[in-house]
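data-v9.cif (mmCIF, C-alpha atoms)
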```
data_protein
loop_
_atom_site.label_atom_id
_atom_site.label_comp_id
_atom_site.auth_asym_id
_atom_site.auth_seq_id
_atom_site.Cartn_x
_atom_site.Cartn_y
_atom_site.Cartn_z
CA MET A 269 104.55 -149.88 -73.66
CA LYS A 270 101.83 -147.26 -73.21
CA VAL A 271 98.53 -148.46 -71.76
CA THR A 272 95.06 -147.09 -71.14
CA ILE A 273 93.04 -148.76 -68.42
CA ASP A 274 89.62 -148.31 -66.93
CA ILE A 275 89.42 -149.41 -63.29
CA CYS A 276 86.41 -149.93 -61.04
CA LEU A 277 87.57 -150.96 -57.56
CA ILE A 278 85.00 -152.49 -55.22
CA PRO A 279 85.73 -152.89 -51.52
CA MET A 280 83.52 -155.71 -50.25
CA SER A 281 81.99 -156.10 -46.85
CA THR A 282 82.32 -152.40 -45.97
CA GLU A 283 79.90 -149.47 -45.73
CA LEU A 284 77.37 -149.04 -48.57
CA SER A 285 79.01 -145.77 -49.59
CA ILE A 286 82.47 -146.48 -50.95
CA SER A 287 83.36 -142.94 -52.03
CA LYS A 288 86.14 -142.50 -49.46
CA TYR A 289 87.98 -145.47 -51.02
CA ILE A 290 87.54 -144.03 -54.51
CA VAL A 291 88.90 -140.70 -53.27
CA ALA A 292 92.00 -142.48 -51.94
CA CYS A 293 92.57 -144.09 -55.36
CA GLN A 294 92.20 -140.73 -57.15
CA GLU A 295 94.89 -139.34 -54.86
CA ILE A 296 97.19 -142.23 -55.83
CA PHE A 297 96.74 -141.55 -59.57
CA LEU A 298 97.32 -137.84 -58.94
CA ALA A 299 100.47 -138.42 -56.87
CA ALA A 300 101.79 -140.72 -59.61
CA GLY A 301 101.37 -137.95 -62.17
CA LEU A 302 99.15 -140.17 -64.32
CA ASN A 303 96.55 -138.64 -66.63
CA HIS A 304 93.20 -139.88 -65.32
CA HIS A 305 89.48 -139.22 -65.62
CA LEU A 306 86.82 -140.20 -63.10
CA HIS A 307 83.39 -141.24 -64.36
CA ALA A 308 80.35 -142.68 -62.60
CA PHE A 309 81.46 -146.32 -62.88
CA GLY A 310 85.25 -146.22 -62.82
CA THR A 311 88.34 -144.21 -63.72
CA ASN A 312 90.30 -144.02 -66.99
CA VAL A 313 94.07 -143.95 -66.41
CA GLU A 314 96.78 -143.72 -69.05
CA GLY A 315 100.56 -143.90 -68.95
CA GLU A 316 103.49 -146.29 -69.12
CA TRP A 317 102.47 -149.90 -68.32
CA ASP A 318 104.67 -150.25 -65.21
CA GLU A 319 103.63 -146.91 -63.73
CA VAL A 320 99.93 -147.55 -64.29
CA PHE A 321 100.03 -151.02 -62.74
CA ASP A 322 102.17 -149.81 -59.85
CA ALA A 323 99.35 -147.34 -59.11
CA VAL A 324 96.72 -150.10 -59.38
CA LYS A 325 98.68 -152.17 -56.85
CA LYS A 326 98.92 -149.17 -54.53
CA CYS A 327 95.14 -148.72 -54.75
CA HIS A 328 94.55 -152.30 -53.58
CA GLN A 329 97.13 -151.92 -50.79
CA LYS A 330 95.70 -148.58 -49.64
CA VAL A 331 92.09 -149.77 -49.59
CA HIS A 332 93.13 -152.83 -47.56
CA ASP A 333 95.00 -150.49 -45.17
CA MET A 334 91.81 -148.44 -44.82
CA GLY A 335 90.06 -151.52 -43.48
CA ALA A 336 88.52 -153.36 -46.42
CA ALA A 337 89.42 -157.03 -46.00
CA ARG A 338 88.33 -158.02 -49.50
CA ILE A 339 88.54 -156.15 -52.80
CA SER A 340 87.27 -157.05 -56.24
CA SER A 341 88.28 -154.79 -59.12
CA SER A 342 87.14 -154.79 -62.70
CA LEU A 343 89.69 -153.53 -65.26
CA ARG A 344 89.78 -152.92 -68.97
CA ILE A 345 93.26 -152.74 -70.47
CA GLY A 346 93.96 -151.27 -73.91
CA THR A 347 97.29 -151.34 -75.76
CA ARG A 348 98.01 -150.61 -79.41
CA THR A 349 101.09 -150.48 -81.60
CA ASP A 350 99.64 -148.63 -84.61
CA LYS A 351 99.38 -145.19 -83.04
CA THR A 352 99.29 -143.18 -79.83
CA GLN A 353 95.81 -142.14 -78.79
CA GLY A 354 95.07 -140.17 -75.64
CA LEU A 355 91.95 -140.39 -73.47
CA GLN A 356 90.52 -137.19 -74.91
CA ASP A 357 91.22 -138.21 -78.54
CA LYS A 358 89.01 -141.28 -78.19
CA VAL A 359 86.04 -139.34 -76.84
CA GLU A 360 86.42 -136.51 -79.37
CA SER A 361 86.59 -138.92 -82.30
CA VAL A 362 83.13 -140.24 -81.40
CA GLN A 363 81.64 -136.87 -80.46
CA LYS A 364 82.74 -135.32 -83.77
CA GLN A 365 80.99 -138.07 -85.75
CA LEU A 366 77.86 -137.76 -83.60
CA LYS A 367 77.59 -134.05 -84.40
CA MET A 368 78.11 -134.60 -88.12
CA GLY A 369 75.62 -137.49 -88.30
CA MET B 1057 100.29 -159.62 -51.74
CA LYS B 1058 98.55 -162.66 -53.26
CA VAL B 1059 96.10 -162.01 -56.06
CA THR B 1060 93.56 -163.94 -58.09
CA ILE B 1061 92.70 -162.55 -61.50
CA ASP B 1062 90.45 -163.52 -64.35
CA ILE B 1063 91.68 -162.33 -67.72
CA CYS B 1064 89.95 -162.26 -71.09
CA LEU B 1065 92.34 -160.89 -73.74
CA ILE B 1066 90.85 -159.75 -77.03
CA PRO B 1067 93.08 -159.05 -80.05
CA MET B 1068 91.18 -156.65 -82.29
CA SER B 1069 91.27 -156.38 -86.02
CA THR B 1070 92.62 -159.94 -86.51
CA GLU B 1071 91.12 -163.23 -87.68
CA LEU B 1072 87.71 -164.22 -86.25
CA SER B 1073 89.28 -167.19 -84.47
CA ILE B 1074 91.58 -165.94 -81.74
CA SER B 1075 92.51 -169.30 -80.23
CA LYS B 1076 96.19 -169.12 -81.27
CA TYR B 1077 96.58 -165.94 -79.19
CA ILE B 1078 94.88 -167.58 -76.21
CA VAL B 1079 97.22 -170.57 -76.57
CA ALA B 1080 100.23 -168.20 -76.45
CA CYS B 1081 98.92 -166.68 -73.20
CA GLN B 1082 98.40 -170.10 -71.62
CA GLU B 1083 102.03 -170.91 -72.42
CA ILE B 1084 103.10 -167.70 -70.65
CA PHE B 1085 101.15 -168.59 -67.48
CA LEU B 1086 102.60 -172.12 -67.63
CA ALA B 1087 106.19 -170.90 -68.11
CA ALA B 1088 105.72 -168.51 -65.17
CA GLY B 1089 104.70 -171.41 -62.94
CA LEU B 1090 101.41 -169.73 -62.10
CA ASN B 1091 98.38 -171.80 -61.12
CA HIS B 1092 95.81 -171.11 -63.85
CA HIS B 1093 92.52 -172.44 -65.19
CA LEU B 1094 91.12 -171.84 -68.67
CA HIS B 1095 87.36 -171.48 -69.11
CA ALA B 1096 85.22 -170.52 -72.10
CA PHE B 1097 85.42 -166.75 -71.50
CA GLY B 1098 88.80 -166.18 -69.86
CA THR B 1099 91.47 -167.65 -67.61
CA ASN B 1100 91.77 -167.63 -63.81
CA VAL B 1101 95.35 -167.01 -62.64
CA GLU B 1102 96.60 -166.86 -59.05
CA GLY B 1103 99.93 -165.99 -57.47
CA GLU B 1104 102.01 -163.13 -56.13
CA TRP B 1105 100.83 -159.74 -57.46
CA ASP B 1106 104.07 -158.87 -59.27
CA GLU B 1107 104.41 -162.28 -60.92
CA VAL B 1108 100.81 -162.34 -62.09
CA PHE B 1109 100.96 -158.83 -63.59
CA ASP B 1110 104.34 -159.52 -65.15
CA ALA B 1111 102.62 -162.41 -66.96
CA VAL B 1112 99.71 -160.18 -68.01
CA LYS B 1113 102.20 -157.70 -69.50
CA LYS B 1114 103.97 -160.52 -71.34
CA CYS B 1115 100.62 -161.63 -72.80
CA HIS B 1116 100.00 -158.17 -74.28
CA GLN B 1117 103.57 -157.97 -75.61
CA LYS B 1118 103.42 -161.46 -77.12
CA VAL B 1119 100.05 -160.93 -78.83
CA HIS B 1120 101.33 -157.65 -80.31
CA ASP B 1121 104.45 -159.52 -81.51
CA MET B 1122 102.17 -162.09 -83.16
CA GLY B 1123 100.67 -159.30 -85.27
CA ALA B 1124 97.69 -157.89 -83.40
CA ALA B 1125 98.02 -154.09 -83.52
CA ARG B 1126 95.34 -153.48 -80.92
CA ILE B 1127 94.37 -155.42 -77.79
CA SER B 1128 91.57 -154.91 -75.31
CA SER B 1129 91.58 -157.06 -72.19
CA SER B 1130 88.99 -157.42 -69.49
CA LEU B 1131 90.32 -158.32 -66.03
CA ARG B 1132 88.85 -159.05 -62.63
CA ILE B 1133 91.28 -158.68 -59.74
CA GLY B 1134 90.63 -160.13 -56.29
CA THR B 1135 92.72 -159.57 -53.16
CA ARG B 1136 91.85 -160.31 -49.55
CA THR B 1137 93.61 -159.99 -46.22
CA ASP B 1138 91.33 -162.18 -44.10
CA LYS B 1139 92.40 -165.57 -45.47
CA THR B 1140 94.10 -167.41 -48.29
CA GLN B 1141 91.70 -169.00 -50.74
CA GLY B 1142 92.78 -170.94 -53.79
CA LEU B 1143 90.99 -171.19 -57.12
CA GLN B 1144 89.65 -174.63 -56.33
CA ASP B 1145 88.47 -173.67 -52.82
CA LYS B 1146 86.14 -171.04 -54.23
CA VAL B 1147 84.49 -173.42 -56.69
CA GLU B 1148 84.19 -176.24 -54.14
CA SER B 1149 82.61 -173.95 -51.56
CA VAL B 1150 79.74 -173.23 -53.94
CA GLN B 1151 79.44 -176.78 -55.31
CA LYS B 1152 79.21 -178.23 -51.81
CA GLN B 1153 76.31 -175.93 -50.91
CA LEU B 1154 74.56 -176.70 -54.21
CA LYS B 1155 74.62 -180.43 -53.47
CA MET B 1156 73.33 -179.95 -49.94
CA GLY B 1157 70.59 -177.54 -51.05
CA MET C 244 70.34 -164.15 -81.13
CA LYS C 245 72.49 -166.61 -79.19
CA VAL C 246 74.78 -165.20 -76.54
CA THR C 247 77.56 -166.39 -74.27
CA ILE C 248 78.17 -164.39 -71.12
CA ASP C 249 80.51 -164.58 -68.18
CA ILE C 250 79.06 -163.09 -65.00
CA CYS C 251 80.72 -162.25 -61.70
CA LEU C 252 78.14 -160.87 -59.27
CA ILE C 253 79.40 -159.04 -56.20
CA PRO C 254 77.06 -158.25 -53.30
CA MET C 255 78.53 -155.27 -51.46
CA SER C 256 78.37 -154.47 -47.81
CA THR C 257 77.57 -158.06 -46.78
CA GLU C 258 79.55 -160.89 -45.16
CA LEU C 259 83.08 -161.55 -46.47
CA SER C 260 81.97 -164.96 -47.76
CA ILE C 261 79.54 -164.49 -50.61
CA SER C 262 79.15 -168.13 -51.59
CA LYS C 263 75.48 -168.36 -50.54
CA TYR C 264 74.64 -165.63 -53.07
CA ILE C 265 76.59 -167.42 -55.79
CA VAL C 266 74.73 -170.63 -54.96
CA ALA C 267 71.41 -168.80 -55.39
CA CYS C 268 72.49 -167.61 -58.86
CA GLN C 269 73.56 -171.11 -59.90
CA GLU C 270 70.07 -172.32 -58.95
CA ILE C 271 68.55 -169.62 -61.16
CA PHE C 272 70.65 -170.68 -64.19
CA LEU C 273 69.75 -174.31 -63.49
CA ALA C 274 66.02 -173.59 -63.16
CA ALA C 275 66.15 -171.62 -66.43
CA GLY C 276 67.60 -174.66 -68.22
CA LEU C 277 70.63 -172.63 -69.34
CA ASN C 278 73.94 -174.36 -70.02
CA HIS C 279 76.36 -172.88 -67.47
CA HIS C 280 79.80 -173.48 -65.97
CA LEU C 281 81.04 -172.15 -62.65
CA HIS C 282 84.71 -171.16 -62.30
CA ALA C 283 86.64 -169.44 -59.52
CA PHE C 284 85.88 -165.89 -60.68
CA GLY C 285 82.47 -166.09 -62.35
CA THR C 286 80.08 -168.26 -64.33
CA ASN C 287 79.82 -168.86 -68.09
CA VAL C 288 76.20 -168.98 -69.28
CA GLU C 289 74.98 -169.57 -72.83
CA GLY C 290 71.58 -169.47 -74.50
CA GLU C 291 69.12 -167.18 -76.23
CA TRP C 292 69.76 -163.49 -75.43
CA ASP C 293 66.39 -162.86 -73.73
CA GLU C 294 66.55 -166.00 -71.59
CA VAL C 295 70.11 -165.33 -70.47
CA PHE C 296 69.41 -161.70 -69.51
CA ASP C 297 66.16 -162.65 -67.81
CA ALA C 298 68.27 -164.95 -65.61
CA VAL C 299 70.81 -162.16 -64.95
CA LYS C 300 67.96 -159.88 -63.82
CA LYS C 301 66.60 -162.63 -61.56
CA CYS C 302 70.07 -162.99 -59.98
CA HIS C 303 70.15 -159.30 -59.07
CA GLN C 304 66.57 -159.43 -57.73
CA LYS C 305 67.22 -162.61 -55.71
CA VAL C 306 70.46 -161.32 -54.15
CA HIS C 307 68.69 -158.08 -53.16
CA ASP C 308 65.87 -160.19 -51.65
CA MET C 309 68.50 -162.12 -49.66
CA GLY C 310 69.52 -158.85 -48.01
CA ALA C 311 72.28 -157.30 -50.11
CA ALA C 312 71.38 -153.63 -50.56
CA ARG C 313 73.96 -153.01 -53.27
CA ILE C 314 75.25 -155.23 -56.08
CA SER C 315 77.97 -154.67 -58.63
CA SER C 316 78.32 -157.26 -61.40
CA SER C 317 80.97 -157.62 -64.03
CA LEU C 318 79.83 -159.22 -67.31
CA ARG C 319 81.43 -160.22 -70.57
CA ILE C 320 79.00 -160.66 -73.46
CA GLY C 321 79.90 -162.50 -76.65
CA THR C 322 77.79 -162.73 -79.81
CA ARG C 323 78.81 -163.87 -83.29
CA THR C 324 77.06 -164.31 -86.60
CA ASP C 325 79.66 -166.44 -88.41
CA LYS C 326 79.10 -169.69 -86.54
CA THR C 327 77.67 -171.33 -83.45
CA GLN C 328 80.24 -172.16 -80.82
CA GLY C 329 79.41 -173.75 -77.50
CA LEU C 330 81.19 -173.23 -74.18
CA GLN C 331 83.03 -176.52 -74.46
CA ASP C 332 84.11 -175.91 -78.08
CA LYS C 333 85.99 -172.78 -77.09
CA VAL C 334 87.96 -174.49 -74.34
CA GLU C 335 88.70 -177.58 -76.44
CA SER C 336 89.97 -175.51 -79.37
CA VAL C 337 92.66 -174.00 -77.13
CA GLN C 338 93.47 -177.20 -75.25
CA LYS C 339 93.95 -179.13 -78.50
CA GLN C 340 96.50 -176.59 -79.75
CA LEU C 341 98.29 -176.58 -76.40
CA LYS C 342 98.79 -180.35 -76.56
CA MET C 343 100.05 -180.21 -80.15
CA GLY C 344 102.39 -177.28 -79.44
CA MET D 548 64.39 -151.95 -60.85
CA LYS D 549 66.70 -149.07 -61.74
CA VAL D 550 70.13 -149.96 -63.03
CA THR D 551 73.38 -148.19 -63.88
CA ILE D 552 75.68 -149.93 -66.34
CA ASP D 553 79.00 -149.19 -67.94
CA ILE D 554 79.42 -150.79 -71.37
CA CYS D 555 82.49 -151.17 -73.54
CA LEU D 556 81.53 -152.88 -76.81
CA ILE D 557 84.33 -154.34 -78.92
CA PRO D 558 83.70 -155.41 -82.52
CA MET D 559 86.35 -158.00 -83.39
CA SER D 560 87.96 -158.66 -86.70
CA THR D 561 87.08 -155.23 -88.13
CA GLU D 562 89.05 -152.04 -88.84
CA LEU D 563 91.44 -150.81 -86.13
CA SER D 564 89.31 -147.73 -85.59
CA ILE D 565 85.99 -148.74 -84.09
CA SER D 566 84.55 -145.25 -83.54
CA LYS D 567 81.77 -145.64 -86.12
CA TYR D 568 80.39 -148.58 -84.12
CA ILE D 569 80.56 -146.58 -80.88
CA VAL D 570 78.73 -143.73 -82.60
CA ALA D 571 75.95 -146.13 -83.60
CA CYS D 572 75.58 -147.25 -79.99
CA GLN D 573 75.42 -143.66 -78.71
CA GLU D 574 72.58 -143.07 -81.17
CA ILE D 575 70.74 -146.08 -79.75
CA PHE D 576 71.03 -144.79 -76.15
CA LEU D 577 69.91 -141.34 -77.32
CA ALA D 578 66.91 -142.69 -79.25
CA ALA D 579 65.92 -144.73 -76.19
CA GLY D 580 65.87 -141.58 -74.07
CA LEU D 581 68.39 -143.08 -71.64
CA ASN D 582 70.69 -140.83 -69.62
CA HIS D 583 74.21 -141.75 -70.77
CA HIS D 584 77.79 -140.48 -70.61
CA LEU D 585 80.59 -141.44 -72.98
CA HIS D 586 84.14 -141.73 -71.63
CA ALA D 587 87.38 -142.96 -73.19
CA PHE D 588 86.82 -146.64 -72.33
CA GLY D 589 83.07 -147.12 -72.36
CA THR D 590 79.69 -145.50 -71.74
CA ASN D 591 77.69 -145.09 -68.52
CA VAL D 592 73.95 -145.69 -69.06
CA GLU D 593 71.20 -145.47 -66.45
CA GLY D 594 67.51 -146.25 -66.48
CA GLU D 595 64.96 -148.99 -65.92
CA TRP D 596 66.53 -152.47 -66.19
CA ASP D 597 64.44 -153.63 -69.16
CA GLU D 598 64.98 -150.43 -71.16
CA VAL D 599 68.72 -150.41 -70.55
CA PHE D 600 69.17 -154.05 -71.55
CA ASP D 601 66.91 -153.64 -74.56
CA ALA D 602 69.33 -150.90 -75.69
CA VAL D 603 72.34 -153.16 -75.05
CA LYS D 604 70.75 -155.86 -77.21
CA LYS D 605 70.08 -153.30 -79.97
CA CYS D 606 73.75 -152.27 -79.85
CA HIS D 607 74.88 -155.85 -80.49
CA GLN D 608 72.32 -156.29 -83.27
CA LYS D 609 73.22 -152.98 -84.92
CA VAL D 610 76.99 -153.61 -84.83
CA HIS D 611 76.44 -157.07 -86.38
CA ASP D 612 74.27 -155.42 -89.07
CA MET D 613 77.11 -152.98 -89.76
CA GLY D 614 79.34 -155.93 -90.63
CA ALA D 615 81.09 -157.06 -87.46
CA ALA D 616 80.77 -160.84 -87.31
CA ARG D 617 81.94 -161.12 -83.73
CA ILE D 618 81.42 -158.82 -80.73
CA SER D 619 82.77 -158.99 -77.20
CA SER D 620 81.39 -156.50 -74.68
CA SER D 621 82.49 -155.78 -71.16
CA LEU D 622 79.75 -154.56 -68.79
CA ARG D 623 79.52 -153.42 -65.21
CA ILE D 624 76.04 -153.54 -63.72
CA GLY D 625 75.07 -151.70 -60.55
CA THR D 626 71.77 -151.98 -58.66
CA ARG D 627 70.93 -150.83 -55.16
CA THR D 628 67.83 -150.86 -52.97
CA ASP D 629 68.94 -148.37 -50.29
CA LYS D 630 68.69 -145.20 -52.36
CA THR D 631 68.51 -143.71 -55.84
CA GLN D 632 71.81 -142.33 -57.09
CA GLY D 633 72.27 -140.76 -60.50
CA LEU D 634 75.41 -140.83 -62.66
CA GLN D 635 76.32 -137.26 -61.72
CA ASP D 636 75.75 -137.82 -57.97
CA LYS D 637 78.40 -140.54 -57.89
CA VAL D 638 81.05 -138.39 -59.54
CA GLU D 639 80.24 -135.31 -57.46
CA SER D 640 80.39 -137.25 -54.20
CA VAL D 641 84.02 -138.16 -54.94
CA GLN D 642 85.01 -134.78 -56.39
CA LYS D 643 83.65 -132.93 -53.35
CA GLN D 644 85.78 -135.04 -50.99
CA LEU D 645 88.84 -134.59 -53.21
CA LYS D 646 88.55 -130.81 -52.99
CA MET D 647 88.07 -130.87 -49.22
CA GLY D 648 90.98 -133.26 -48.68
#
```

Starting from the file, lay out its structure as structure tokens.
Amino acid sequence: MKVTIDICLIPMSTELSISKYIVACQEIFLAAGLNHHLHAFGTNVEGEWDEVFDAVKKCHQKVHDMGAARISSSLRIGTRTDKTQGLQDKVESVQKQLKMG
Amino acid sequence: MKVTIDICLIPMSTELSISKYIVACQEIFLAAGLNHHLHAFGTNVEGEWDEVFDAVKKCHQKVHDMGAARISSSLRIGTRTDKTQGLQDKVESVQKQLKMG
Amino acid sequence: MKVTIDICLIPMSTELSISKYIVACQEIFLAAGLNHHLHAFGTNVEGEWDEVFDAVKKCHQKVHDMGAARISSSLRIGTRTDKTQGLQDKVESVQKQLKMG
Amino acid sequence: MKVTIDICLIPMSTELSISKYIVACQEIFLAAGLNHHLHAFGTNVEGEWDEVFDAVKKCHQKVHDMGAARISSSLRIGTRTDKTQGLQDKVESVQKQLKMG
């Protein structure tokens, strides 16, 4: 089962700037060979269900290892059986209609 | 690694009432022996990381099998290394302070 | 327009226990006369759109006033035009089917 | 109070492709003069709290007007009092560290 997620991981009770933790998560998605896209409030990740959620687990483990005692993540999870749709397809579908409008 | 999640699963492009899909997910959490609590906008589930996410995967698979071609879920994921805190502990901690206030 | 939300407010860079901030938000929903229900990973709130979002804004302002320099909230927002459905209706609809199943 | 949100609006019980509804929301953010960025699982929007949430309300109203009887949105809301940080600053802060790593 293919899945597209959007993850926003929040280490609690740490420094105000959390970018070093986000960097560590990007490196995990990269090492896993998962197609991903960082935006200002999270990261889109797509791939096989088990590989994507293995990476999510590794993010929590890594950020705990880096010293954050408490983590709260917000995820969106999308699956569909009617067709395969990549990250870029979804954005382009909207952008194309915006330009034509 | 213990985890507490809150999941709100949304089958798209189906009937307006989605309660039969929510019922199917409750049965999955029950069969998995996971402590869970249904509220009006999702379900709290707690347990070992792998067991909880195995149940989440089964929810998506089951709801697809029931005929929903597209699913979008919203999850919150909480992990902490400083202490173990059950679903009920978190609610009681707040309710106790509200009564004293 | 009536709305049902589920809010999970996370003060960042504070103490590990955030219950005092959650208590402050409960008091805001109570003072606003909004029907609300606390669970282990957020709070359901229902009412008129403007009143509900005025309370959400007050929560962010109050938690900043209490000393949290950064807040990240996760919200679910539900609106529907086909019928009115209260917080309790949604839970009972599922629980009734679970008992019959 | 400045705010950054990430919104993923889901019309339920409509066609499988929801891009026309997402297009309508982009047009609302554009007409409101709000800085926004579309990604594959939502849209980042930043601005003054009242203007941003006025746009969110208009999105729900517009999508109902277009025929969706039920909508479920997932939002992340970020506010901070320590500094002003734009959408692009957040992404660049992470990307810079990734390149140096």

(message) Calculated over all atoms listed in the file, which of the candidates A:Gln329, A:Gln294, A:Ser342, A:Thr349 has the smallest distance to chain C?
(response)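 That would be A:Ser342, the residue with the smallest distance to chain C.
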
(request) Using only C-alpha atoms, find the residues of chain B whose closest atom to chain D is at most 12 Å away, then write them as a ChimeraX atom specification. (result) /B:1063-1074,1097-1098,1124-1132

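Picked out by the PyMOL selection byres ((chain B and resi 1112) around 10) when it runs on this file: Ile1061, Ile1063, Leu1065, Cys1081, Ile1084, Phe1085, Val1101, Asp1106, Glu1107, Val1108, Phe1109, Asp1110, Ala1111, Lys1113, Lys1114, Cys1115, His1116, Gln1117, Lys1118, Ser1129 and Leu1131 of chain B.
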
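In terms of minimum interatomic distance to A:Ile290, D:Ser640 ranks closest within D:Val610, D:Lys646, D:His586, D:Ser640, counting only C-alpha atoms.
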
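Minimum atom-to-atom distance to A:Ala308, evaluated using all atoms listed in the file, belongs to D:Lys637 out of D:Lys630, D:His611, D:Lys643, D:Lys637.
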
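From atom CA of D:Leu645 back to atom CA of D:Asp553, the distance works out to 23.0 Å.
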
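Take atom CA of C:Ala267 and atom CA of C:Glu291: the distance between them is 21.0 Å.
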
(request) Tell me which protein, DNA and RNA residues are within 9 Å of A:Gln365, counting only C-alpha atoms, leaving out same-chain ones fewer than 4 positions away, and put them as JSON, numbers by chain. (result) {"A": [360, 361, 369], "D": [566, 567, 570]}

(request) In Å, rounded to a single decimal, give me how far atom CA of B:Glu1083 is from atom CA of B:Asp1121. (result)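 According to the coordinates, atom CA of B:Asp1121 and atom CA of B:Glu1083 are separated by 14.8 Å.
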
(request) Name the residues in contact with B:Leu1143 at a cut-off of 8 Å, using only C-alpha atoms, excluding same-chain residues fewer than 6 positions from it; report them as a ChimeraX atom specification. (result) /B:1060,1100,1102 /C:283
